[in-house]
Amino acid sequence: MRFITCIIIALVIQLTLPAQSYKNKLDSLITTFRIAQAGKAYENLAYAKAIKRYEKLSETRELSDSVMGILGEAYLKVGQTIKSEQVLAYVSEKNLSDDQLFLYAMALKYNGKYAEADRMIEKYETRKPDDSRAKELLNALPKIEKILSEERYLIQEVDFNSEESDFAPFVFENQVYFSSARDLDYIIKREYAWKETPYLNVLSSKIKEDNVFSNPTLFSTDLRSMYHDGPVFFSKDGQELFITRNSWHTFVDNLTSKKGKYNNLRILRSVKAADGSWMKPEELPFNNKEYSCGHACLSPDGSTLYFTSNMPGSIGGTDIYYVKRDGDTWGEPLNLGADINTEGDEMFPFMHESGRLYFASNGRVGVGGLDMYVAEEKGDGFAVKNMGYPINTEKDDFGIYLAEDGVNGYFSSNREGGKGDDDIYRFKVLKDISFKKGLKGKLIDKNTRQIIENTPVKLTGPDGSLIAEVTTDAEGILVAEVEDIASITADVNITDYFPYSETIALSSETAEFEMALIPRPFWGIYGNVFLLPDMKPIPEVTLRMEAKNGDMATIVSGADGKFKTKLDANTDYNLVFTKKGFFTKRMPYTTVGRDTGYVNINEFMQLELEKAEVGKSIEIMILYDLGKWNIGEDAAVELDDMIQFLKDNPDVKIELGSHTDARGSSQSNQILSQKRAQSAVDYMVERGIARERMTAKGYGETKLKNRCADGVPCSEEEHQVNRRSEVTIVAM
């Protein structure tokens with residue numbers, strides 16, 4: 001009728017105006033009319049129809065910024081995010097409405113352009129500083145990068161997806177139930193205007209084996225309506241189900257509805273009859289034709305129903321509500337509050353047996369449009385965390401089902417690479433979301449910056465209560481999770497360092513900190529004992545530290561041959577290295593005049609041991625007075641080491657040989673050397689070594705090591721080389 005009126009007006013104008021002027025006026029009237037028709041389709045949520053009309057208009061003329069802004073919104077509504085971004089980018093920013101500017105940021109985010117989305121959110125925040133979404137989404141890029149940095153799930157597409165929309169899976173008794181817009185080959189084709197696709201039905205597919213399913217079929221003809229059906233949710237005992245369905249408006253409703261001439265969602269409940277069939281669904285008492293209630297989810301104990309609604313009092317577009325029931329009596333719906341709900345849309349709640357609430361939202365920091373989140377009760381409210389990657393992507397991810405094991409589940413997404421509009425995916429949790437606060441500390445020496453490994457650290461809360469006792473690993477790192485508290489105090493109390501205590505403030509993320517301990521003054525040595533001649537480390541060598549003041553301590557090196565020990569200040573030591581099957585080695589060491597700290601003695605000592613083998617000889621130092629053979633206390637140091645060697649190796653038999661230089665008569669030298677050898681053997685017998693294991697042999701001057709024979713002039717040092725005692729292994 002309006003169009004005919006316009007034509008009549010145009011004919012009247014034609015009688016009074018030139019032809020060209022008439023044509024321009026007529027074109028303008030027709031364009032205005034078509035823009036109005038496209039706008040009407042948009043207002044009625046017929047976005048696909050609105051897009052077609054706007055696109056046809058744009059083929060012949062340039063559309064205004066206001067019209068292009070609406071087209072950009074429509075593209076986003078039907079999931080054409082790239083076109084939405086392109087159109088909204090074409091419009092001058094000053095001509096974008098506040099909502100369009102926000103949607104532009106969301107389109108950029110949908111397309112993975114997070115830095116550009118951040119800039120648009122900054123501009124939106126200057127216009128709408130009180131919008132909680134703007135505060136939440138400001139400078140989101142670092143948070144998004146952190147979410148994307150860790151793969152928490154294995155994802156796999158199921159084999160029953162169609163080219164249409166399949167979403168909101170729910171598993172019960174080895175069947176997957178889901179909502180689908182696929183064509184079921186009915187004679188009467190039904191489409192809804194939003195995307196001009198078929199209305200939703202609830203289908204089911206039997207799980208045959210791992211990711212193998214039966215061909216989906218209609219769940220129940222008795223539960224099918226003329227419009228949208230689904231999602232569906234079953235009680236834990238399987239005796240009742242809740243289904244989301246369109247309401248419908250009568251002619252009178254259309255005239256009086258405050259929401260316009262489109263249908264809202266409502267929740268219906270059906271109970272299983274004795275014969276196993278489902279009874280006629282009944283409306284829940286809080287449904288209302290003026291707003292939507294949908295996406296019902298019953299708590300595991302059956303006492304609470306969670307659902308999505310845009311009823312008056314909602315914080316954002318759609319919020320998550322809950323309602324208690326007592327038998328068949330339902331209470332008043334209550335908003336879950338600002339911990340869960342935002343000025344955006346929250347939907348598709350799922351309450352797990354663990355007490356965690358899972359839901360989808362586009363009003364929080366996330367990697368795409370709708371991201372999935374998990375909430376856990378904390379005191380009187382909730383703590384909420386993004387579920388992470390790759391269950392969340394640049395696109396819409398929603399409608400989760402999680403099995404009782406908390407590991408396996410299903411969800412829906414319109415991510416790239418799927419078969420249809422929305423698709424269903426299986427997932428397996430690799431790393432679950434934790435609501436405890438993470439701690440990662442590193443324990444080091446403040447002076448040397450060296451790590452301090454295998455050291456206990458006590459963690460206490462603000463009230464002084466013990467939270468945990470954690471030991472640093474081989475890298476000096478401690479990792480722990482603690483409850484939601486504001487701070488924690490780390491205490492370290494070990495011998496080598498002064499007591500350490502520091503209070504660390506805890507954020508919502510992992511708190512990383514460094515604990516630098518101040519060392520107490522100490523002296524010590526470390527090193528490695530090697531095997532001659534191939535210089536391989538020798539494991540489990542006994543090190544005896546003999547102080548000149550009479551103190552003695554013993555340690556054993558590790559399997560890698562390394563040792564580390566403290567020593568006393570200003571003290572002279574003999575370091576004695578012993579091991580079964582090896583000759584004992586003695587070396588002097590002193591802490592007198594040395595700086596504090598550990599010293600690597602391999603840098604200035606040759607810590608090599610020789611294997612004890614039959615026929616092998618070693619020299620030992622036995623100090624005798626001139627012309628004497630008795631052994632004093634000072635002369636017996638290395639004999640004591642030989643005694644220990646023989647005790648460590650009970651099967652070894654030795655010859656103890658004594659040699660002199662060439663000075664004096666050969667006969668007297670022979671007698672003296674024999675007496676010295678016998679004196680050494682007697683000394684060891686007196687200290688517990690069986691005499692039959694030792695033979696005393698005096699060699700006199702018969703085995704000189706150099707040229708210093710009778711009549712050859714030699715220095716004292718050259719003669720000293722020939723005055724020696726040797727131990728030779730004769731049996732093992």
# chains A, B, ... in the order shown; residues from 1 in each chain; ligands from 1

$ residues_around --residues "Arg693 in chain A" --least-positions-apart "3" --cutoff "10 Å" --atoms "only C-alpha atoms" --output "list in words"
Leu646, Pro650, Asp651, Val652, Lys653, Ile654, Glu655, Val681, Val685, Ile689, Ala690, Val730 and Ala731 of chain A

$ residues_around --residues "Pro142 in chain A" --least-positions-apart "6" --cutoff "10 Å" --atoms "only C-alpha atoms" --output "compact mmCIF listing (two decimals) with N, CA and C atoms, in the first residue's frame"
# COMPACT_ATOMS: atom_id res chain seq x y z
N TYR A 114 43.75 -9.13 17.15
CA TYR A 114 43.58 -8.77 18.55
C TYR A 114 44.13 -7.38 18.87
N ALA A 115 45.25 -7.02 18.27
CA ALA A 115 45.82 -5.69 18.55
C ALA A 115 44.89 -4.60 18.04
N LEU A 148 46.49 -18.48 24.57
CA LEU A 148 46.84 -19.25 23.37
C LEU A 148 48.17 -19.97 23.50

$ residues_around --residues "Lys579 in chain A" --least-positions-apart "5" --cutoff "8 Å" --atoms "only C-alpha atoms" --output "count of residues only"
6

$ residues_around --residues "range 549-554 of chain A" --least-positions-apart "3" --cutoff "9 Å" --atoms "only C-alpha atoms" --output "PDB file with all heavy atoms, in the first residue's frame"
ATOM      1  N   THR A 542      85.543 -42.944  49.739  1.00  0.00           N
ATOM      2  CA  THR A 542      85.504 -42.426  51.102  1.00  0.00           C
ATOM      3  C   THR A 542      86.580 -41.359  51.278  1.00  0.00           C
ATOM      4  O   THR A 542      87.754 -41.587  50.943  1.00  0.00           O
ATOM      5  CB  THR A 542      85.723 -43.547  52.122  1.00  0.00           C
ATOM      6  OG1 THR A 542      84.679 -44.511  51.981  1.00  0.00           O
ATOM      7  CG2 THR A 542      85.712 -43.001  53.547  1.00  0.00           C
ATOM      8  N   LEU A 543      86.150 -40.199  51.782  1.00  0.00           N
ATOM      9  CA  LEU A 543      87.086 -39.114  52.075  1.00  0.00           C
ATOM     10  C   LEU A 543      87.120 -38.909  53.586  1.00  0.00           C
ATOM     11  O   LEU A 543      86.098 -38.597  54.202  1.00  0.00           O
ATOM     12  CB  LEU A 543      86.647 -37.828  51.368  1.00  0.00           C
ATOM     13  CG  LEU A 543      87.352 -36.538  51.797  1.00  0.00           C
ATOM     14  CD1 LEU A 543      88.863 -36.652  51.627  1.00  0.00           C
ATOM     15  CD2 LEU A 543      86.794 -35.346  51.017  1.00  0.00           C
ATOM     16  N   ARG A 544      88.318 -39.116  54.155  1.00  0.00           N
ATOM     17  CA  ARG A 544      88.514 -38.908  55.588  1.00  0.00           C
ATOM     18  C   ARG A 544      89.296 -37.611  55.772  1.00  0.00           C
ATOM     19  O   ARG A 544      90.380 -37.434  55.210  1.00  0.00           O
ATOM     20  CB  ARG A 544      89.269 -40.089  56.192  1.00  0.00           C
ATOM     21  CG  ARG A 544      89.326 -40.088  57.709  1.00  0.00           C
ATOM     22  CD  ARG A 544      89.845 -41.403  58.255  1.00  0.00           C
ATOM     23  NE  ARG A 544      91.247 -41.622  57.941  1.00  0.00           N
ATOM     24  CZ  ARG A 544      91.686 -42.571  57.116  1.00  0.00           C
ATOM     25  NH1 ARG A 544      90.809 -43.383  56.513  1.00  0.00           N
ATOM     26  NH2 ARG A 544      92.976 -42.725  56.885  1.00  0.00           N
ATOM     27  N   MET A 545      88.702 -36.682  56.521  1.00  0.00           N
ATOM     28  CA  MET A 545      89.332 -35.379  56.749  1.00  0.00           C
ATOM     29  C   MET A 545      89.922 -35.356  58.145  1.00  0.00           C
ATOM     30  O   MET A 545      89.201 -35.274  59.145  1.00  0.00           O
ATOM     31  CB  MET A 545      88.281 -34.272  56.573  1.00  0.00           C
ATOM     32  CG  MET A 545      87.760 -34.190  55.148  1.00  0.00           C
ATOM     33  SD  MET A 545      86.098 -33.493  55.040  1.00  0.00           S
ATOM     34  CE  MET A 545      85.106 -34.814  55.689  1.00  0.00           C
ATOM     35  N   GLU A 546      91.259 -35.464  58.216  1.00  0.00           N
ATOM     36  CA  GLU A 546      91.965 -35.550  59.490  1.00  0.00           C
ATOM     37  C   GLU A 546      92.553 -34.190  59.829  1.00  0.00           C
ATOM     38  O   GLU A 546      93.484 -33.711  59.162  1.00  0.00           O
ATOM     39  CB  GLU A 546      93.078 -36.597  59.404  1.00  0.00           C
ATOM     40  CG  GLU A 546      92.566 -37.999  59.094  1.00  0.00           C
ATOM     41  CD  GLU A 546      93.701 -38.983  58.888  1.00  0.00           C
ATOM     42  OE1 GLU A 546      94.872 -38.534  58.813  1.00  0.00           O
ATOM     43  OE2 GLU A 546      93.428 -40.185  58.778  1.00  0.00           O
ATOM     44  N   THR A 571      92.354 -24.220  59.876  1.00  0.00           N
ATOM     45  CA  THR A 571      92.706 -25.581  60.291  1.00  0.00           C
ATOM     46  C   THR A 571      93.501 -26.272  59.192  1.00  0.00           C
ATOM     47  O   THR A 571      93.178 -26.147  58.002  1.00  0.00           O
ATOM     48  CB  THR A 571      91.439 -26.405  60.608  1.00  0.00           C
ATOM     49  OG1 THR A 571      90.682 -25.713  61.612  1.00  0.00           O
ATOM     50  CG2 THR A 571      91.788 -27.804  61.095  1.00  0.00           C
ATOM     51  N   ASP A 572      94.543 -27.018  59.614  1.00  0.00           N
ATOM     52  CA  ASP A 572      95.315 -27.855  58.692  1.00  0.00           C
ATOM     53  C   ASP A 572      94.723 -29.261  58.679  1.00  0.00           C
ATOM     54  O   ASP A 572      94.365 -29.811  59.730  1.00  0.00           O
ATOM     55  CB  ASP A 572      96.780 -27.919  59.127  1.00  0.00           C
ATOM     56  CG  ASP A 572      97.464 -26.563  59.033  1.00  0.00           C
ATOM     57  OD1 ASP A 572      97.196 -25.847  58.043  1.00  0.00           O
ATOM     58  OD2 ASP A 572      98.232 -26.213  59.953  1.00  0.00           O
ATOM     59  N   TYR A 573      94.649 -29.846  57.474  1.00  0.00           N
ATOM     60  CA  TYR A 573      94.031 -31.163  57.301  1.00  0.00           C
ATOM     61  C   TYR A 573      94.945 -32.084  56.502  1.00  0.00           C
ATOM     62  O   TYR A 573      95.787 -31.638  55.713  1.00  0.00           O
ATOM     63  CB  TYR A 573      92.714 -31.046  56.523  1.00  0.00           C
ATOM     64  CG  TYR A 573      91.561 -30.459  57.294  1.00  0.00           C
ATOM     65  CD1 TYR A 573      91.314 -29.090  57.270  1.00  0.00           C
ATOM     66  CD2 TYR A 573      90.705 -31.270  58.021  1.00  0.00           C
ATOM     67  CE1 TYR A 573      90.246 -28.544  57.953  1.00  0.00           C
ATOM     68  CE2 TYR A 573      89.624 -30.739  58.716  1.00  0.00           C
ATOM     69  CZ  TYR A 573      89.402 -29.377  58.673  1.00  0.00           C
ATOM     70  OH  TYR A 573      88.342 -28.847  59.355  1.00  0.00           O
TER      71      TYR A 573
END

$ residues_around --residues "Lys83 in chain A" --least-positions-apart "3" --cutoff "12 Å" --atoms "only C-alpha atoms" --output "list in words"
Ile51, Glu55, Met68, Gly69, Leu71, Gly72, Glu73, Ala74, Tyr75, Leu76, Lys77, Val78, Gly79, Gln80, Gln86, Val87, Leu88, Ala89, Tyr90, Tyr104, Ala107, Leu108, Tyr110 and Asn111 of chain A

$ write_last_selection --atoms "N, CA, C and O atoms" --output "compact mmCIF listing (two decimals), in the first residue's frame"
# COMPACT_ATOMS: atom_id res chain seq x y z
N ILE A 51 20.30 -8.51 4.73
CA ILE A 51 21.58 -8.46 4.02
C ILE A 51 21.35 -8.49 2.51
O ILE A 51 21.97 -7.72 1.76
N GLU A 55 22.55 -5.50 0.15
CA GLU A 55 23.54 -5.79 -0.89
C GLU A 55 23.02 -5.41 -2.27
O GLU A 55 23.75 -4.87 -3.11
N MET A 68 25.23 1.50 6.16
CA MET A 68 26.36 0.57 6.14
C MET A 68 26.63 0.02 7.54
O MET A 68 27.01 -1.15 7.71
N GLY A 69 26.46 0.85 8.56
CA GLY A 69 26.65 0.38 9.93
C GLY A 69 25.69 -0.74 10.27
O GLY A 69 26.06 -1.73 10.90
N LEU A 71 24.26 -2.76 8.08
CA LEU A 71 24.67 -3.92 7.30
C LEU A 71 25.82 -4.66 7.99
O LEU A 71 25.84 -5.89 8.05
N GLY A 72 26.78 -3.89 8.53
CA GLY A 72 27.89 -4.52 9.26
C GLY A 72 27.40 -5.30 10.46
O GLY A 72 27.91 -6.39 10.75
N GLU A 73 26.41 -4.76 11.17
CA GLU A 73 25.82 -5.49 12.30
C GLU A 73 25.16 -6.78 11.83
O GLU A 73 25.30 -7.83 12.46
N ALA A 74 24.42 -6.70 10.71
CA ALA A 74 23.71 -7.87 10.20
C ALA A 74 24.69 -8.98 9.81
O ALA A 74 24.46 -10.16 10.10
N TYR A 75 25.77 -8.59 9.15
CA TYR A 75 26.78 -9.59 8.79
C TYR A 75 27.30 -10.31 10.04
O TYR A 75 27.48 -11.53 10.05
N LEU A 76 27.54 -9.55 11.10
CA LEU A 76 28.06 -10.15 12.32
C LEU A 76 27.03 -11.09 12.95
O LEU A 76 27.38 -12.14 13.50
N LYS A 77 25.74 -10.72 12.85
CA LYS A 77 24.68 -11.54 13.44
C LYS A 77 24.62 -12.93 12.80
O LYS A 77 24.28 -13.91 13.47
N VAL A 78 24.93 -13.00 11.51
CA VAL A 78 24.85 -14.30 10.81
C VAL A 78 26.21 -14.96 10.71
O VAL A 78 26.38 -15.95 10.00
N GLY A 79 27.21 -14.41 11.38
CA GLY A 79 28.52 -15.05 11.44
C GLY A 79 29.45 -14.75 10.29
O GLY A 79 30.51 -15.37 10.17
N GLN A 80 29.11 -13.77 9.44
CA GLN A 80 30.01 -13.39 8.35
C GLN A 80 30.95 -12.29 8.86
O GLN A 80 30.82 -11.12 8.54
N GLN A 86 34.89 -5.61 7.15
CA GLN A 86 35.12 -4.78 5.97
C GLN A 86 34.12 -3.63 5.88
O GLN A 86 34.50 -2.48 5.60
N VAL A 87 32.86 -3.92 6.15
CA VAL A 87 31.82 -2.89 6.05
C VAL A 87 31.98 -1.85 7.16
O VAL A 87 31.93 -0.63 6.91
N LEU A 88 32.21 -2.31 8.39
CA LEU A 88 32.35 -1.37 9.51
C LEU A 88 33.63 -0.55 9.40
O LEU A 88 33.68 0.60 9.85
N ALA A 89 34.67 -1.12 8.78
CA ALA A 89 35.90 -0.36 8.55
C ALA A 89 35.67 0.74 7.51
O ALA A 89 36.34 1.78 7.54
N TYR A 90 34.73 0.52 6.59
CA TYR A 90 34.42 1.50 5.54
C TYR A 90 33.72 2.73 6.12
O TYR A 90 33.89 3.85 5.62
N TYR A 104 32.36 -3.65 15.96
CA TYR A 104 33.53 -3.60 15.08
C TYR A 104 34.73 -4.23 15.78
O TYR A 104 35.47 -5.04 15.20
N ALA A 107 34.23 -7.92 15.76
CA ALA A 107 34.51 -8.50 14.44
C ALA A 107 36.01 -8.67 14.23
O ALA A 107 36.48 -9.69 13.73
N LEU A 108 36.79 -7.66 14.63
CA LEU A 108 38.25 -7.76 14.54
C LEU A 108 38.76 -8.92 15.39
O LEU A 108 39.65 -9.68 14.97
N TYR A 110 37.01 -11.60 16.28
CA TYR A 110 36.59 -12.81 15.58
C TYR A 110 37.60 -13.21 14.51
O TYR A 110 37.84 -14.38 14.26
N ASN A 111 38.18 -12.22 13.86
CA ASN A 111 39.09 -12.48 12.74
C ASN A 111 40.54 -12.57 13.18
O ASN A 111 41.45 -12.54 12.35

$ atom_distance --atom1 "CA of Trp629 in chain A" --atom2 "CA of Ile671 in chain A"
10.3 Å

$ residues_around --residues "Pro521 in chain A" --least-positions-apart "4" --cutoff "9 Å" --atoms "only C-alpha atoms" --output "short mmCIF file (atom, residue, chain, number, x, y, z; two decimals) with N, CA and C atoms, in the first residue's frame"
data_model
loop_
_atom_site.label_atom_id
_atom_site.label_comp_id
_atom_site.auth_asym_id
_atom_site.auth_seq_id
_atom_site.Cartn_x
_atom_site.Cartn_y
_atom_site.Cartn_z
N ASP A 496 73.66 -23.52 56.26
CA ASP A 496 74.67 -22.73 55.56
C ASP A 496 74.30 -21.27 55.40
N TYR A 497 73.04 -20.91 55.68
CA TYR A 497 72.58 -19.55 55.39
C TYR A 497 71.86 -18.95 56.59
N THR A 596 86.28 -17.35 52.51
CA THR A 596 85.13 -18.21 52.78
C THR A 596 84.55 -18.76 51.49
N GLY A 597 83.80 -19.83 51.63
CA GLY A 597 83.15 -20.43 50.48
C GLY A 597 83.76 -21.77 50.13
#

$ residues_around --residues "Ile340 in chain A" --least-positions-apart "4" --cutoff "12 Å" --atoms "only C-alpha atoms" --output "number ranges by chain"
A: 308, 314-316, 318-322, 335-336, 344-347, 349, 357-364, 372-377, 381-386

$ atom_distance --atom1 "CA of Gln644 in chain A" --atom2 "CA of Lys697 in chain A"
20.9 Å

$ atom_distance --atom1 "CA of Val271 in chain A" --atom2 "CA of Asn246 in chain A"
19.6 Å

$ closest_residue --among "A:Cys293, A:Arg245, A:Ala680, A:Phe172" --to "Val202 in chain A" --atoms "only C-alpha atoms"
A:Arg245

$ select_by_dssp --residues "range 78-145 of chain A" --states "alpha helix (DSSP H)" --output "ChimeraX atom specification"
/A:81-90,98-110,114-127,132-137,141-145

$ closest_residue --among "A:Thr217, A:Ser465, A:Asn139, A:Ser309" --to "Asn341 in chain A" --atoms "only C-alpha atoms"
A:Ser309

$ closest_residue --among "A:Glu404, A:Ala486, A:Asp275, A:Glu151" --to "Ile433 in chain A" --atoms "only C-alpha atoms"
A:Glu151

$ decode --residues "range 78-89 of chain A" --atoms "N, CA, C and O atoms" --output "PDB file, in the first residue's frame"
ATOM      1  N   VAL A  78      24.931 -13.005  11.506  1.00  0.00           N
ATOM      2  CA  VAL A  78      24.852 -14.297  10.814  1.00  0.00           C
ATOM      3  C   VAL A  78      26.214 -14.964  10.707  1.00  0.00           C
ATOM      4  O   VAL A  78      26.384 -15.954  10.002  1.00  0.00           O
ATOM      5  N   GLY A  79      27.214 -14.411  11.381  1.00  0.00           N
ATOM      6  CA  GLY A  79      28.520 -15.054  11.442  1.00  0.00           C
ATOM      7  C   GLY A  79      29.452 -14.748  10.293  1.00  0.00           C
ATOM      8  O   GLY A  79      30.509 -15.374  10.175  1.00  0.00           O
ATOM      9  N   GLN A  80      29.115 -13.771   9.442  1.00  0.00           N
ATOM     10  CA  GLN A  80      30.014 -13.395   8.350  1.00  0.00           C
ATOM     11  C   GLN A  80      30.953 -12.295   8.857  1.00  0.00           C
ATOM     12  O   GLN A  80      30.819 -11.117   8.536  1.00  0.00           O
ATOM     13  N   THR A  81      31.924 -12.720   9.650  1.00  0.00           N
ATOM     14  CA  THR A  81      32.738 -11.763  10.398  1.00  0.00           C
ATOM     15  C   THR A  81      33.671 -10.953   9.506  1.00  0.00           C
ATOM     16  O   THR A  81      33.953  -9.785   9.787  1.00  0.00           O
ATOM     17  N   ILE A  82      34.189 -11.555   8.454  1.00  0.00           N
ATOM     18  CA  ILE A  82      35.104 -10.815   7.563  1.00  0.00           C
ATOM     19  C   ILE A  82      34.354  -9.705   6.852  1.00  0.00           C
ATOM     20  O   ILE A  82      34.822  -8.553   6.778  1.00  0.00           O
ATOM     21  N   LYS A  83      33.162 -10.003   6.329  1.00  0.00           N
ATOM     22  CA  LYS A  83      32.362  -8.964   5.678  1.00  0.00           C
ATOM     23  C   LYS A  83      31.951  -7.891   6.670  1.00  0.00           C
ATOM     24  O   LYS A  83      31.929  -6.697   6.347  1.00  0.00           O
ATOM     25  N   SER A  84      31.631  -8.315   7.894  1.00  0.00           N
ATOM     26  CA  SER A  84      31.263  -7.338   8.918  1.00  0.00           C
ATOM     27  C   SER A  84      32.407  -6.374   9.170  1.00  0.00           C
ATOM     28  O   SER A  84      32.224  -5.154   9.234  1.00  0.00           O
ATOM     29  N   GLU A  85      33.619  -6.911   9.320  1.00  0.00           N
ATOM     30  CA  GLU A  85      34.789  -6.055   9.538  1.00  0.00           C
ATOM     31  C   GLU A  85      34.996  -5.098   8.369  1.00  0.00           C
ATOM     32  O   GLU A  85      35.237  -3.897   8.559  1.00  0.00           O
ATOM     33  N   GLN A  86      34.886  -5.610   7.149  1.00  0.00           N
ATOM     34  CA  GLN A  86      35.122  -4.777   5.969  1.00  0.00           C
ATOM     35  C   GLN A  86      34.119  -3.625   5.883  1.00  0.00           C
ATOM     36  O   GLN A  86      34.496  -2.479   5.600  1.00  0.00           O
ATOM     37  N   VAL A  87      32.859  -3.917   6.148  1.00  0.00           N
ATOM     38  CA  VAL A  87      31.822  -2.886   6.048  1.00  0.00           C
ATOM     39  C   VAL A  87      31.984  -1.848   7.156  1.00  0.00           C
ATOM     40  O   VAL A  87      31.933  -0.632   6.909  1.00  0.00           O
ATOM     41  N   LEU A  88      32.211  -2.307   8.390  1.00  0.00           N
ATOM     42  CA  LEU A  88      32.346  -1.372   9.506  1.00  0.00           C
ATOM     43  C   LEU A  88      33.628  -0.551   9.396  1.00  0.00           C
ATOM     44  O   LEU A  88      33.680   0.599   9.848  1.00  0.00           O
ATOM     45  N   ALA A  89      34.671  -1.118   8.778  1.00  0.00           N
ATOM     46  CA  ALA A  89      35.899  -0.358   8.546  1.00  0.00           C
ATOM     47  C   ALA A  89      35.674   0.739   7.510  1.00  0.00           C
ATOM     48  O   ALA A  89      36.344   1.784   7.540  1.00  0.00           O
TER      49      ALA A  89
END
